[in-house]
Structures are given as structure tokens and as C-alpha cells.
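Raw coords.csv, CSV, C-alpha atoms and all ligand atoms:
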```csv
chain,number,residue,atom,x,y,z
A,1268,VAL,CA,3.3,22.0,14.2
A,1269,TYR,CA,7.0,22.0,15.1
A,1270,PHE,CA,7.6,18.3,14.3
A,1271,TYR,CA,5.5,18.1,11.2
A,1272,SER,CA,6.2,21.5,9.5
A,1273,GLY,CA,9.9,21.2,8.8
A,1274,GLY,CA,10.1,25.0,9.1
A,1275,ASP,CA,12.4,25.9,6.3
A,1276,GLU,CA,11.5,27.3,2.9
A,1277,PHE,CA,11.8,25.1,-0.2
A,1278,LYS,CA,14.0,26.4,-3.0
A,1279,PRO,CA,14.5,24.4,-6.2
A,1280,GLU,CA,18.3,25.2,-6.2
A,1281,LEU,CA,18.5,22.9,-3.2
A,1282,LEU,CA,18.3,20.0,-5.7
A,1283,LYS,CA,20.9,21.2,-8.2
A,1284,GLY,CA,23.5,18.5,-8.7
A,1285,LYS,CA,21.9,16.1,-6.2
A,1286,ARG,CA,22.0,12.4,-7.0
A,1287,THR,CA,18.6,10.8,-6.8
A,1288,ILE,CA,16.9,7.5,-7.4
A,1289,VAL,CA,13.1,7.4,-8.2
A,1290,THR,CA,11.4,4.0,-8.3
A,1291,GLY,CA,8.2,3.4,-10.2
A,1292,ALA,CA,9.1,6.3,-12.5
A,1293,SER,CA,7.9,4.9,-15.8
A,1294,THR,CA,4.4,6.4,-15.3
A,1295,GLY,CA,2.2,8.2,-12.8
A,1296,ILE,CA,3.5,10.2,-9.8
A,1297,GLY,CA,7.0,8.7,-10.1
A,1298,GLU,CA,7.3,9.9,-13.7
A,1299,GLN,CA,6.3,13.4,-12.6
A,1300,MET,CA,8.8,13.4,-9.8
A,1301,ALA,CA,11.6,12.5,-12.3
A,1302,TYR,CA,10.6,15.5,-14.4
A,1303,HIS,CA,10.6,17.9,-11.5
A,1304,LEU,CA,14.0,16.7,-10.3
A,1305,ALA,CA,15.4,17.0,-13.9
A,1306,GLN,CA,14.1,20.6,-14.1
A,1307,MET,CA,15.7,21.4,-10.8
A,1308,GLY,CA,19.1,20.1,-12.1
A,1309,SER,CA,19.3,16.7,-10.3
A,1310,HIS,CA,21.0,13.6,-11.6
A,1311,VAL,CA,18.3,10.9,-11.8
A,1312,LEU,CA,18.3,7.2,-11.9
A,1313,ILE,CA,14.8,5.8,-12.6
A,1314,THR,CA,13.5,2.3,-12.5
A,1315,ALA,CA,10.3,0.2,-13.2
A,1316,ARG,CA,9.7,-2.9,-15.3
A,1317,THR,CA,8.8,-1.4,-18.7
A,1318,GLU,CA,12.0,-0.4,-20.6
A,1319,GLU,CA,10.3,1.4,-23.5
A,1320,LYS,CA,8.5,3.8,-21.1
A,1321,LEU,CA,11.7,4.3,-19.0
A,1322,LYS,CA,13.7,5.3,-22.1
A,1323,LYS,CA,11.1,8.0,-23.0
A,1324,VAL,CA,11.1,9.4,-19.4
A,1325,VAL,CA,15.0,9.5,-19.5
A,1326,ALA,CA,14.9,11.4,-22.8
A,1327,LYS,CA,12.5,13.9,-21.4
A,1328,CYS,CA,14.5,14.3,-18.2
A,1329,LEU,CA,17.6,15.2,-20.3
A,1330,GLU,CA,15.5,17.7,-22.4
A,1331,LEU,CA,14.3,19.3,-19.2
A,1332,GLY,CA,17.8,19.9,-18.0
A,1333,ALA,CA,18.9,16.9,-15.9
A,1334,PRO,CA,22.8,16.9,-15.9
A,1335,SER,CA,22.5,13.1,-16.3
A,1336,ALA,CA,19.6,10.6,-16.5
A,1337,HIS,CA,19.7,6.8,-16.5
A,1338,TYR,CA,17.3,3.9,-16.1
A,1339,ILE,CA,17.5,0.3,-15.0
A,1340,ALA,CA,14.5,-2.0,-15.8
A,1341,GLY,CA,13.4,-4.9,-13.6
A,1342,SER,CA,10.8,-6.1,-11.1
A,1343,MET,CA,10.8,-5.3,-7.5
A,1344,ASP,CA,9.6,-8.7,-6.5
A,1345,ASP,CA,13.2,-9.7,-6.9
A,1346,MET,CA,15.3,-8.4,-4.0
A,1347,VAL,CA,18.6,-9.0,-6.0
A,1348,PHE,CA,17.2,-6.5,-8.6
A,1349,ALA,CA,16.2,-4.0,-5.8
A,1350,GLU,CA,19.8,-4.1,-4.5
A,1351,SER,CA,21.2,-3.8,-8.0
A,1352,VAL,CA,19.4,-0.5,-8.5
A,1353,VAL,CA,21.3,1.0,-5.6
A,1354,LYS,CA,24.6,-0.5,-6.9
A,1355,LYS,CA,24.0,1.1,-10.2
A,1356,ALA,CA,23.5,4.5,-8.6
A,1357,GLU,CA,26.8,4.0,-6.8
A,1358,ASN,CA,28.6,3.1,-10.0
A,1359,LEU,CA,27.0,6.0,-12.0
A,1360,PHE,CA,27.1,8.8,-9.4
A,1361,GLY,CA,29.6,7.7,-6.8
A,1362,GLY,CA,27.1,8.5,-4.1
A,1363,LEU,CA,23.5,9.2,-3.4
A,1364,ASP,CA,21.5,12.2,-1.9
A,1365,MET,CA,17.9,11.1,-2.1
A,1366,LEU,CA,16.2,7.7,-2.4
A,1367,ILE,CA,12.6,8.1,-3.5
A,1368,LEU,CA,10.6,4.8,-2.9
A,1369,ASN,CA,7.4,5.1,-4.9
A,1370,HIS,CA,6.7,1.9,-6.9
A,1371,ILE,CA,3.7,-0.4,-6.2
A,1372,GLY,CA,2.8,-3.8,-7.6
A,1373,ASP,CA,-0.5,-4.3,-9.4
A,1374,SER,CA,-3.5,-4.1,-7.0
A,1375,TYR,CA,-7.1,-4.7,-7.5
A,1376,TYR,CA,-9.8,-2.3,-6.2
A,1377,ASN,CA,-12.6,-4.6,-4.9
A,1378,PHE,CA,-13.6,-6.8,-2.0
A,1379,PHE,CA,-10.8,-9.0,-0.6
A,1380,ASN,CA,-10.5,-12.2,-2.6
A,1381,GLY,CA,-8.7,-14.3,0.0
A,1382,ASP,CA,-5.7,-15.0,-2.3
A,1383,ILE,CA,-2.8,-15.4,0.1
A,1384,LYS,CA,-0.1,-15.8,-2.6
A,1385,SER,CA,-0.9,-12.4,-4.0
A,1386,VAL,CA,-0.8,-10.8,-0.6
A,1387,ARG,CA,2.7,-12.2,-0.1
A,1388,LYS,CA,3.8,-11.0,-3.5
A,1389,LEU,CA,2.4,-7.5,-2.9
A,1390,MET,CA,4.2,-7.4,0.5
A,1391,GLU,CA,7.5,-8.2,-1.3
A,1392,ILE,CA,7.0,-5.5,-4.0
A,1393,ASN,CA,5.4,-2.7,-1.9
A,1394,PHE,CA,7.3,-3.3,1.4
A,1395,LEU,CA,10.3,-5.7,1.3
A,1396,SER,CA,11.9,-4.1,-1.7
A,1397,TYR,CA,11.7,-0.7,0.1
A,1398,VAL,CA,13.5,-2.2,3.1
A,1399,THR,CA,16.1,-3.9,0.8
A,1400,MET,CA,16.9,-0.7,-1.1
A,1401,THR,CA,17.1,1.3,2.2
A,1402,VAL,CA,19.6,-1.1,3.7
A,1403,ALA,CA,21.7,-1.1,0.5
A,1404,ALA,CA,21.6,2.7,0.2
A,1405,LEU,CA,22.2,3.6,3.9
A,1406,PRO,CA,26.1,3.8,3.7
A,1407,MET,CA,25.8,6.3,0.8
A,1408,LEU,CA,23.0,8.3,2.5
A,1409,LYS,CA,25.0,8.5,5.7
A,1410,ASP,CA,27.9,10.0,3.8
A,1411,THR,CA,25.8,12.7,2.3
A,1412,ASN,CA,23.3,13.3,5.2
A,1413,GLY,CA,20.8,12.3,2.6
A,1414,SER,CA,17.0,11.6,2.5
A,1415,ILE,CA,14.7,8.6,2.2
A,1416,VAL,CA,11.3,9.4,0.8
A,1417,VAL,CA,8.6,6.7,1.2
A,1418,VAL,CA,5.4,7.2,-0.8
A,1419,SER,CA,2.5,5.8,1.2
A,1420,SER,CA,-1.2,6.6,1.2
A,1421,ILE,CA,-4.1,7.5,3.3
A,1422,ALA,CA,-4.8,3.8,3.0
A,1423,GLY,CA,-1.6,3.3,5.0
A,1424,LYS,CA,-3.0,5.2,8.0
A,1425,ILE,CA,-6.8,4.5,7.9
A,1426,GLY,CA,-8.5,1.2,6.9
A,1427,VAL,CA,-10.1,2.0,3.5
A,1428,PRO,CA,-12.3,-0.6,1.8
A,1429,PHE,CA,-11.4,-2.5,-1.4
A,1430,VAL,CA,-7.7,-2.3,-1.0
A,1431,VAL,CA,-7.1,-4.9,1.8
A,1432,PRO,CA,-3.6,-6.3,0.7
A,1433,TYR,CA,-2.4,-2.9,-0.6
A,1434,SER,CA,-3.4,-1.2,2.7
A,1435,ALA,CA,-1.5,-3.8,4.7
A,1436,THR,CA,1.7,-3.1,2.8
A,1437,LYS,CA,1.3,0.6,3.4
A,1438,PHE,CA,0.7,0.2,7.1
A,1439,ALA,CA,3.8,-2.0,7.2
A,1440,LEU,CA,5.9,0.9,5.7
A,1441,ASP,CA,4.7,3.2,8.4
A,1442,GLY,CA,5.7,0.8,11.1
A,1443,PHE,CA,9.1,0.1,9.6
A,1444,PHE,CA,10.1,3.6,8.7
A,1445,SER,CA,8.7,5.4,11.7
A,1446,SER,CA,10.5,3.0,14.0
A,1447,LEU,CA,13.7,3.3,12.0
A,1448,ARG,CA,13.6,7.1,12.2
A,1449,GLN,CA,13.6,6.8,16.0
A,1450,GLU,CA,16.7,4.6,15.9
A,1451,PHE,CA,18.4,7.1,13.5
A,1452,ILE,CA,17.8,9.8,16.1
A,1453,LEU,CA,19.2,7.7,19.0
A,1454,LYS,CA,22.3,6.8,16.9
A,1455,ASP,CA,22.8,10.4,15.5
A,1456,VAL,CA,22.3,9.1,11.9
A,1457,ASN,CA,21.6,12.2,9.9
A,1458,VAL,CA,19.4,10.6,7.2
A,1459,SER,CA,15.9,12.0,7.0
A,1460,ILE,CA,12.8,9.8,6.5
A,1461,THR,CA,9.7,11.3,5.0
A,1462,LEU,CA,6.5,9.3,4.9
A,1463,CYS,CA,4.1,10.7,2.3
A,1464,ILE,CA,0.4,10.3,3.0
A,1465,ILE,CA,-1.5,11.0,-0.2
A,1466,SER,CA,-5.1,10.8,-1.2
A,1467,PHE,CA,-6.7,10.0,-4.5
A,1468,ILE,CA,-4.5,11.2,-7.4
A,1469,ASN,CA,-5.3,11.4,-11.1
A,1470,THR,CA,-2.9,8.7,-12.4
A,1471,GLU,CA,-4.2,6.6,-15.2
A,1472,LYS,CA,-4.5,3.4,-13.2
A,1473,ALA,CA,-6.1,5.1,-10.2
A,1474,LEU,CA,-8.7,6.8,-12.3
A,1475,LYS,CA,-9.5,3.6,-14.1
A,1476,ALA,CA,-9.8,1.7,-10.9
A,1477,VAL,CA,-11.7,4.1,-8.6
A,1478,GLY,CA,-12.9,7.0,-10.7
A,1479,ASP,CA,-16.5,5.9,-10.8
A,1480,VAL,CA,-16.6,4.7,-7.2
A,1481,LEU,CA,-15.3,7.7,-5.3
A,1482,SER,CA,-17.4,10.8,-5.0
A,1483,TYR,CA,-14.6,13.3,-4.8
A,1484,PRO,CA,-12.3,14.3,-7.6
A,1485,ALA,CA,-8.7,13.1,-8.0
A,1486,ALA,CA,-5.9,15.6,-7.3
A,1487,PRO,CA,-3.2,16.4,-10.0
A,1488,LYS,CA,-0.2,14.1,-10.1
A,1489,GLU,CA,2.1,16.9,-11.2
A,1490,GLU,CA,1.4,19.0,-8.0
A,1491,CYS,CA,1.4,15.8,-5.8
A,1492,ALA,CA,4.9,14.9,-7.2
A,1493,LEU,CA,6.3,18.4,-6.4
A,1494,GLU,CA,4.9,18.3,-2.9
A,1495,ILE,CA,6.5,14.9,-2.2
A,1496,ILE,CA,9.9,16.3,-3.3
A,1497,LYS,CA,9.4,19.4,-1.2
A,1498,GLY,CA,8.6,17.2,1.8
A,1499,GLY,CA,11.8,15.2,1.3
A,1500,VAL,CA,14.1,18.2,0.8
A,1501,LEU,CA,12.7,19.9,3.9
A,1502,ARG,CA,13.3,16.6,5.8
A,1503,GLN,CA,9.7,16.5,7.1
A,1504,TRP,CA,8.8,13.4,9.0
A,1505,GLU,CA,5.4,13.2,7.2
A,1506,MET,CA,3.9,15.1,4.3
A,1507,TYR,CA,0.2,15.2,3.5
A,1508,TYR,CA,-1.5,15.7,0.1
A,1509,LYS,CA,-4.3,16.7,-0.3
A,1510,TYR,CA,-4.5,18.1,3.2
A,1511,GLU,CA,-8.3,18.0,3.4
A,1512,HIS,CA,-8.4,14.3,2.4
A,1513,THR,CA,-5.6,13.2,4.7
A,1514,ARG,CA,-4.8,15.4,7.7
A,1515,ILE,CA,-8.4,16.2,8.4
A,1516,PRO,CA,-9.7,12.6,8.4
A,1517,LEU,CA,-6.6,11.7,10.5
A,1518,LEU,CA,-7.8,14.1,13.3
A,1519,PHE,CA,-10.8,11.9,13.7
A,1520,ARG,CA,-9.1,8.5,13.4
A,1521,ASP,CA,-8.2,8.0,17.1
A,1522,TRP,CA,-11.1,9.8,18.7
A,1523,ALA,CA,-14.1,8.9,16.5
A,1524,PRO,CA,-13.1,5.9,14.4
A,1525,GLN,CA,-16.6,4.7,13.8
A,1526,LEU,CA,-17.8,8.1,12.7
A,1527,LEU,CA,-14.8,8.4,10.3
A,1528,SER,CA,-15.4,4.9,8.9
A,1529,SER,CA,-19.0,5.4,8.2
A,1530,PHE,CA,-18.3,8.8,6.6
A,1531,MET,CA,-15.7,7.2,4.3
A,1532,ARG,CA,-18.1,4.4,3.3
A,1533,SER,CA,-20.9,6.8,2.7
A,1534,GLY,CA,-19.0,8.5,-0.1
A,1535,LEU,CA,-18.6,5.3,-2.2
A,1536,ASN,CA,-20.6,4.2,-5.2
A,1537,VAL,CA,-20.1,0.5,-4.6
A,1538,GLU,CA,-22.3,-0.5,-7.6
A,1539,ASN,CA,-19.6,1.0,-9.9
A,1540,LEU,CA,-16.8,-1.4,-8.7
A,1541,LYS,CA,-15.0,-2.8,-11.8
A,1542,GLY,CA,-14.0,-6.3,-12.7
A,1543,SER,CA,-15.6,-9.6,-11.6
A,1544,ASN,CA,-16.0,-10.0,-7.9
A,1545,HIS,CA,-14.4,-13.1,-6.5
A,1546,SER,CA,-15.0,-12.0,-3.0
A,1547,LEU,CA,-14.1,-14.2,0.0
A,1548,TYR,CA,-17.4,-13.6,1.6
B,1601,LIG,N1,-2.7,7.3,-7.6
B,1601,LIG,C1,-3.3,7.3,-6.4
B,1601,LIG,O1,-4.5,7.6,-6.2
B,1601,LIG,C2,-2.5,7.1,-5.2
B,1601,LIG,C3,-1.2,6.7,-5.2
B,1601,LIG,N2,-0.5,6.5,-4.0
B,1601,LIG,C4,0.9,6.0,-4.0
B,1601,LIG,O2,1.7,6.8,-5.0
B,1601,LIG,C5,2.7,5.9,-5.5
B,1601,LIG,C6,2.6,6.0,-7.0
B,1601,LIG,O3,1.4,5.6,-7.4
B,1601,LIG,P1,0.8,5.9,-8.9
B,1601,LIG,O4,1.7,6.8,-9.6
B,1601,LIG,O5,-0.6,6.0,-8.9
B,1601,LIG,O6,1.1,4.4,-9.5
B,1601,LIG,P2,1.2,3.9,-11.0
B,1601,LIG,O7,0.4,2.6,-11.0
B,1601,LIG,O8,0.8,5.0,-12.0
B,1601,LIG,O9,2.7,3.6,-11.2
B,1601,LIG,C7,3.4,2.5,-10.6
B,1601,LIG,C8,4.8,2.4,-11.0
B,1601,LIG,O10,5.4,1.3,-10.4
B,1601,LIG,C9,5.9,0.5,-11.4
B,1601,LIG,N3,5.8,-1.0,-11.1
B,1601,LIG,C10,4.6,-1.7,-11.1
B,1601,LIG,N4,4.9,-3.0,-10.8
B,1601,LIG,C11,6.2,-3.0,-10.5
B,1601,LIG,C12,7.1,-4.1,-10.1
B,1601,LIG,N5,6.7,-5.3,-9.9
B,1601,LIG,N6,8.4,-3.8,-10.0
B,1601,LIG,C13,8.9,-2.5,-10.2
B,1601,LIG,N7,8.1,-1.5,-10.6
B,1601,LIG,C14,6.8,-1.7,-10.7
B,1601,LIG,C15,5.1,0.8,-12.7
B,1601,LIG,O11,5.9,0.6,-13.9
B,1601,LIG,P3,5.9,-0.8,-14.7
B,1601,LIG,O12,4.5,-1.2,-14.8
B,1601,LIG,O13,6.6,-0.4,-15.9
B,1601,LIG,O14,6.8,-1.7,-13.8
B,1601,LIG,C16,5.0,2.3,-12.5
B,1601,LIG,O15,6.2,3.0,-12.9
B,1601,LIG,C17,2.5,4.5,-5.0
B,1601,LIG,O16,3.3,4.3,-3.9
B,1601,LIG,C18,1.0,4.6,-4.5
B,1601,LIG,O17,0.8,3.7,-3.5
B,1601,LIG,C19,-1.0,6.7,-2.8
B,1601,LIG,C20,-2.3,7.2,-2.7
B,1601,LIG,C21,-3.1,7.4,-3.9
B,1602,LIG,C1,-10.0,5.6,-2.4
B,1602,LIG,C2,-8.8,5.9,-1.6
B,1602,LIG,C3,-9.0,7.3,-0.9
B,1602,LIG,C4,-9.7,7.2,0.4
B,1602,LIG,C5,-11.2,7.4,0.3
B,1602,LIG,O1,-11.9,6.5,0.4
B,1602,LIG,O2,-11.5,8.6,0.2
B,1602,LIG,C6,-7.6,5.9,-2.4
B,1602,LIG,C7,-6.4,6.2,-1.5
B,1602,LIG,C8,-5.3,5.3,-2.0
B,1602,LIG,C9,-5.8,4.8,-3.4
B,1602,LIG,C10,-5.1,3.6,-4.0
B,1602,LIG,C11,-3.7,3.8,-4.1
B,1602,LIG,O3,-3.1,4.3,-3.2
B,1602,LIG,C12,-2.9,3.2,-5.1
B,1602,LIG,C13,-3.5,2.3,-6.1
B,1602,LIG,C14,-3.0,3.0,-7.3
B,1602,LIG,C15,-3.3,2.3,-8.5
B,1602,LIG,O4,-2.7,3.0,-9.5
B,1602,LIG,C16,-4.8,2.2,-8.6
B,1602,LIG,C17,-5.5,1.7,-7.4
B,1602,LIG,C18,-5.0,2.1,-6.0
B,1602,LIG,C19,-5.3,0.8,-5.2
B,1602,LIG,C20,-5.7,3.3,-5.4
B,1602,LIG,C21,-7.2,3.2,-5.2
B,1602,LIG,C22,-7.8,4.4,-4.5
B,1602,LIG,C23,-7.2,4.6,-3.2
B,1602,LIG,C24,-7.5,3.5,-2.2
```
Kindly return the structure encoded in the file as C-alpha cells.
Amino acid sequence: VYFYSGGDEFKPELLKGKRTIVTGASTGIGEQMAYHLAQMGSHVLITARTEEKLKKVVAKCLELGAPSAHYIAGSMDDMVFAESVVKKAENLFGGLDMLILNHIGDSYYNFFNGDIKSVRKLMEINFLSYVTMTVAALPMLKDTNGSIVVVSSIAGKIGVPFVVPYSATKFALDGFFSSLRQEFILKDVNVSITLCIISFINTEKALKAVGDVLSYPAAPKEECALEIIKGGVLRQWEMYYKYEHTRIPLLFRDWAPQLLSSFMRSGLNVENLKGSNHSLY
């Protein structure tokens, strides 16, 4: 409880005037995080590939009260671009308080198709670009005793079917950032790392991909976005949303893995999987 609770109380004022980057913010949970930050008075720099959507999100952030809001469009399969996002924040804000790593590349929800090239590409987008941005942002975050927020998934803690490459990228994030956190402590680096373990959320893409397969309802993206921000501000090591679909299954993972796996499979309507199935087996 001590390590995972963070202890302190969240107050929106804590974000007033803070300089933040949110990746994958043209839609979904990232978009909602940008709006919450704007309402709380943070400066925001958002990024994703689709310029038209980013422009609209920036306009809404300004309406909601952000002291400044900017975007930079590009793809996170390009590490030069990933670095340039951090450079842009430095030029715009002169520093950085919070780096929220949230974007993901396109994933299918079906049996593993054996396509190695796409596994490599997803690893670059979902993992390597997170590492690249962290390395680039670290000097600024050290100056501000800032925070890194890494959005992961229950599929980054437990093997979940139909997301084989995606799940691998999320497990990689846990390994990298949990290990890095230990080194920060040994070196007295006061930069927090919050790994966010989230379950099924009602974003457009997730609903389309898995809405008919899962037997439990998706949780709201607005609330999820707020909980992620709270976890980051309170410098929690890990945050869980929704608790009942993340923390509870995790209690069983190490002690009764087969029971947990069979329970998770039993809740799936496999016949409703979408798209053609080019399964490896
Ligand atoms: N929704 C869910 O059920 C769950 C989500 N999560 C996690 O939450 C986070 C947000 O997910 P969610 O909001 O659902 O995702 P969405 O698919 O709604 O949004 C993904 C974002 O990433 C951007 N993006 C996609 N490809 C690239 C790329 N190559 N380079 C840069 N940006 C890219 C998209 O914009 P654009 O296309 O314009 O580039 C978009 O802004 C992710 O880390 C995900 O793993 C975890 C568990 C469950
Ligand atoms: C179905 C999973 C929940 C575990 C369970 O079986 O109860 C979901 C947990 C993570 C989801 C995926 C995800 O994290 C992000 C992708 C988001 C895209 O927008 C759509 C598909 C996802 C692969 C999504 C699919 C459902 C989960 C695996």
C-alpha cells in the first residue's frame, strides 16, 4: 500500500503553469488527457500523425483555458521525429515538467499472423520511441524534478489473446521503465516514472476492434485520462484503471496463472473476431 498509493491528495492546481507533452493526443485517451491538462492550466504540446485532428484538439485546449497549446505532427516510427518533439518543447517552453507517453501504432485484434516485419515496426512505435523521447527529455525533467508517465495496459502485465505483438511491446515498457526507476533511485534522480495499467476503454478504435468479443463493458476514456494524470502528479509507481479489471486479476497472476488464463478466455466471444483471419496456425 505504501509503495503503490502515493499517499498525497490530488489537486488540479498542482498542474497550473506546468509544461507537458502528450503523445497520441489526436484522439482517444490522449486527446482527453490534453483537455484535462488544459482545464487545469497546463501548457500542452501534443503530437500524433494527423495534423487536422491535432489542430482541432489544440483549439479546444485553448478554449478550455490552456495558457498555451501547440502541436507537432509526425510518425513515431521515426526516432528523429520522436526526438524533435522534445526539442520543440524545449524551444517553446524552455523546460518540461511532465512527459506523457501514450501513442500506439495500429494493432490488429486477432490470432497472431506471424508477420515479423510488423512486430518490429510496432516495437519501434510502441517501445523504442518511448525510450528515445525519455532519453531526450531527461535533462529537462531532472531540472524540474519532473515526471514520466507511460501508458501501458493489462496486456502488458498478463498474456491476453489476440494482441500478441502489442502485448510484447507493453511488456517491454514495463521491463525498461521499472528497471530505469530503480537506477534513478540509486542515483538520486528525482524524476518519477508512472506505469499505467489500464483495461478496456471506450475509445473508438478499441470499441470497433473488441466491443463484440469482450463480455464486459468498456470504461470511460474521460475518467481514465484523469486517473492517469492523477497517477503522474502523485508520482505513483503504477496506477490501475479500472481496478477490478487490472489489480484483481494481477493478484492471481503469480499464484494461479492457469486459473486466471482460463477465466480470461472464458469471457471471450471468439466467433465475433473482426477481419479476415490470416492466422499462423
Ligand atoms: N483503448 C483501450 O481499450 C486501451 C488502451 N490502452 C492504452 O492507452 C493508450 C491510448 O490508447 P487509445 O486512446 O485507445 O488509442 P487510440 O488508437 O484511440 O489513439 C492512438 C493515438 O496514437 C496516434 N498514433 C497512431 N499511430 C501513430 C504513429 N505511427 N506515430 C505517432 N502517433 C501515432 C493516433 O493518432 P494518428 O492516427 O493521428 O497518428 C492517436 O492519437 C495506448 O498506449 C494504449 O495501449 C491500454 C489498454 C486499453
Ligand atoms: C481485451 C483486453 C482486456 C483484457 C481482457 O481480456 O479482459 C484489452 C486490454 C488492452 C486492449 C487493447 C489495447 O490496449 C489497445 C489497443 C487499442 C486500440 O485502439 C484497439 C485495440 C487494442 C489492441 C485493445 C484491444 C483490447 C485490449 C487487448
For each of A:Asn1393, A:Gln1299, A:Thr1399, A:Thr1470, take the minimum atom-to-atom distance to Ser1374 in chain A, counting all atoms listed in the file, then give the residue where this is smallest.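 Closest to Ser1374 in chain A of all the choices is A:Asn1393.
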Record the distance separating CA of Phe1467 in chain A and CA of Ser1396 in chain A, expressed in Å with one decimal.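 Between these atoms lies a distance of 23.5 Å.
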Which protein, DNA or RNA residues have an atom within 6 Å of ligand LIG 1602 (chain B), counting only C-alpha atoms and all ligand atoms, as a PyMOL selection string? chain A and resi 1374+1376+1420-1422+1427+1430+1466-1467+1472-1473+1476-1477+1531
Might you pull out every residue within 12 Å of Asn1539 in chain A, with only C-alpha atoms counted and same-chain residues fewer than 6 positions away left off, and present them as number ranges by chain? A: 1376-1377, 1475-1482
Nearest to ligand LIG 1601 (chain B) by atom-to-atom distance, counting only C-alpha atoms and all ligand atoms, from A:Leu1282, A:Val1500, A:Val1537, A:Ala1492: A:Ala1492
Please report as CSV every residue of chain A lying within 8 Å of ligand LIG 1601 (chain B), along with the nearest atom pair and their distance in Å (one decimal), using only C-alpha atoms and all ligand atoms.
```
residue,atom,partner,partner_atom,distance
A:Thr1290,CA,B:LIG1601,N7,6.8
A:Gly1291,CA,B:LIG1601,O15,3.4
A:Ala1292,CA,B:LIG1601,O15,4.4
A:Ser1293,CA,B:LIG1601,O15,3.9
A:Thr1294,CA,B:LIG1601,O15,4.5
A:Gly1295,CA,B:LIG1601,O4,3.5
A:Ile1296,CA,B:LIG1601,O4,3.9
A:Gly1297,CA,B:LIG1601,O4,5.7
A:Glu1298,CA,B:LIG1601,O15,7.0
A:Thr1314,CA,B:LIG1601,N7,6.9
A:Ala1315,CA,B:LIG1601,N7,3.8
A:Arg1316,CA,B:LIG1601,O14,3.5
A:Thr1317,CA,B:LIG1601,O13,3.7
A:Glu1318,CA,B:LIG1601,O13,7.2
A:Lys1320,CA,B:LIG1601,O13,6.9
A:Leu1321,CA,B:LIG1601,O13,7.6
A:Ala1340,CA,B:LIG1601,C13,7.9
A:Gly1341,CA,B:LIG1601,C13,6.1
A:Ser1342,CA,B:LIG1601,N6,3.5
A:Met1343,CA,B:LIG1601,N6,3.8
A:Asp1344,CA,B:LIG1601,N5,5.6
A:Leu1368,CA,B:LIG1601,O16,7.4
A:Asn1369,CA,B:LIG1601,O16,4.3
A:His1370,CA,B:LIG1601,O10,3.8
A:Ile1371,CA,B:LIG1601,O10,4.8
A:Gly1372,CA,B:LIG1601,N4,3.9
A:Asp1373,CA,B:LIG1601,N4,5.7
A:Ile1392,CA,B:LIG1601,N5,5.9
A:Asn1393,CA,B:LIG1601,O16,7.6
A:Val1417,CA,B:LIG1601,O16,7.7
A:Val1418,CA,B:LIG1601,O16,4.7
A:Ser1419,CA,B:LIG1601,O16,5.4
A:Ser1420,CA,B:LIG1601,C19,4.0
A:Ile1421,CA,B:LIG1601,C20,6.3
A:Ala1422,CA,B:LIG1601,C20,7.1
A:Tyr1433,CA,B:LIG1601,O17,7.9
A:Lys1437,CA,B:LIG1601,O17,7.6
A:Ile1464,CA,B:LIG1601,C19,7.0
A:Ile1465,CA,B:LIG1601,C20,4.6
A:Ser1466,CA,B:LIG1601,C21,4.8
A:Phe1467,CA,B:LIG1601,O1,3.7
A:Ile1468,CA,B:LIG1601,O1,3.8
A:Asn1469,CA,B:LIG1601,N1,6.0
A:Thr1470,CA,B:LIG1601,O5,5.0
A:Glu1471,CA,B:LIG1601,O8,6.1
A:Lys1472,CA,B:LIG1601,O7,5.4
A:Ala1473,CA,B:LIG1601,N1,4.8
A:Leu1474,CA,B:LIG1601,O1,7.4
A:Ala1485,CA,B:LIG1601,O1,7.2
A:Lys1488,CA,B:LIG1601,O4,7.6
```
When you count only C-alpha atoms, which of these residues is closest to Met1365 in chain A: A:Pro1524, A:Gly1413, A:Pro1516, A:Gly1308?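 Among the listed residues, A:Gly1413 lies closest to Met1365 in chain A.
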Using all atoms listed in the file, which of the listed residues (A:Gly1426, A:Pro1487, A:Gly1284, A:Pro1432) sits closest to Met1390 in chain A?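 With all atoms listed in the file as the atom set, the closest residue is A:Pro1432.
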Residue list as an mmCIF file with C-alpha atoms, in the frame of the given file for point (6.0, 1.7, 6.3), cut-off 10 Å, all atoms listed in the file:
```
data_model
loop_
_atom_site.group_PDB
_atom_site.id
_atom_site.type_symbol
_atom_site.label_atom_id
_atom_site.label_comp_id
_atom_site.auth_asym_id
_atom_site.auth_seq_id
_atom_site.Cartn_x
_atom_site.Cartn_y
_atom_site.Cartn_z
ATOM 1 C CA ASN A 1393 5.400 -2.700 -1.900
ATOM 2 C CA PHE A 1394 7.300 -3.300 1.400
ATOM 3 C CA LEU A 1395 10.300 -5.700 1.300
ATOM 4 C CA TYR A 1397 11.700 -0.700 0.100
ATOM 5 C CA VAL A 1398 13.500 -2.200 3.100
ATOM 6 C CA VAL A 1417 8.600 6.700 1.200
ATOM 7 C CA VAL A 1418 5.400 7.200 -0.800
ATOM 8 C CA SER A 1419 2.500 5.800 1.200
ATOM 9 C CA GLY A 1423 -1.600 3.300 5.000
ATOM 10 C CA LYS A 1424 -3.000 5.200 8.000
ATOM 11 C CA ALA A 1435 -1.500 -3.800 4.700
ATOM 12 C CA THR A 1436 1.700 -3.100 2.800
ATOM 13 C CA LYS A 1437 1.300 0.600 3.400
ATOM 14 C CA PHE A 1438 0.700 0.200 7.100
ATOM 15 C CA ALA A 1439 3.800 -2.000 7.200
ATOM 16 C CA LEU A 1440 5.900 0.900 5.700
ATOM 17 C CA ASP A 1441 4.700 3.200 8.400
ATOM 18 C CA GLY A 1442 5.700 0.800 11.100
ATOM 19 C CA PHE A 1443 9.100 0.100 9.600
ATOM 20 C CA PHE A 1444 10.100 3.600 8.700
ATOM 21 C CA SER A 1445 8.700 5.400 11.700
ATOM 22 C CA SER A 1446 10.500 3.000 14.000
ATOM 23 C CA LEU A 1447 13.700 3.300 12.000
ATOM 24 C CA LEU A 1462 6.500 9.300 4.900
#
```
Excluding range 1353-1356 of chain A and residues on its chain fewer than 6 positions from it, collect all residues at most 12 Å away from it, counting all atoms listed in the file, and give them as JSON, numbers by chain. {"A": [1285, 1286, 1287, 1288, 1289, 1290, 1310, 1311, 1312, 1313, 1314, 1335, 1336, 1337, 1338, 1339, 1340, 1346, 1347, 1362, 1363, 1364, 1365, 1366, 1367, 1368, 1396, 1397, 1399, 1400, 1401, 1402, 1403, 1404, 1405, 1406, 1407, 1408]}
To one decimal place, how far is CA of Asn1536 in chain A from CA of Tyr1375 in chain A in Å?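 Taking CA of Asn1536 in chain A and CA of Tyr1375 in chain A, their separation equals 16.3 Å.
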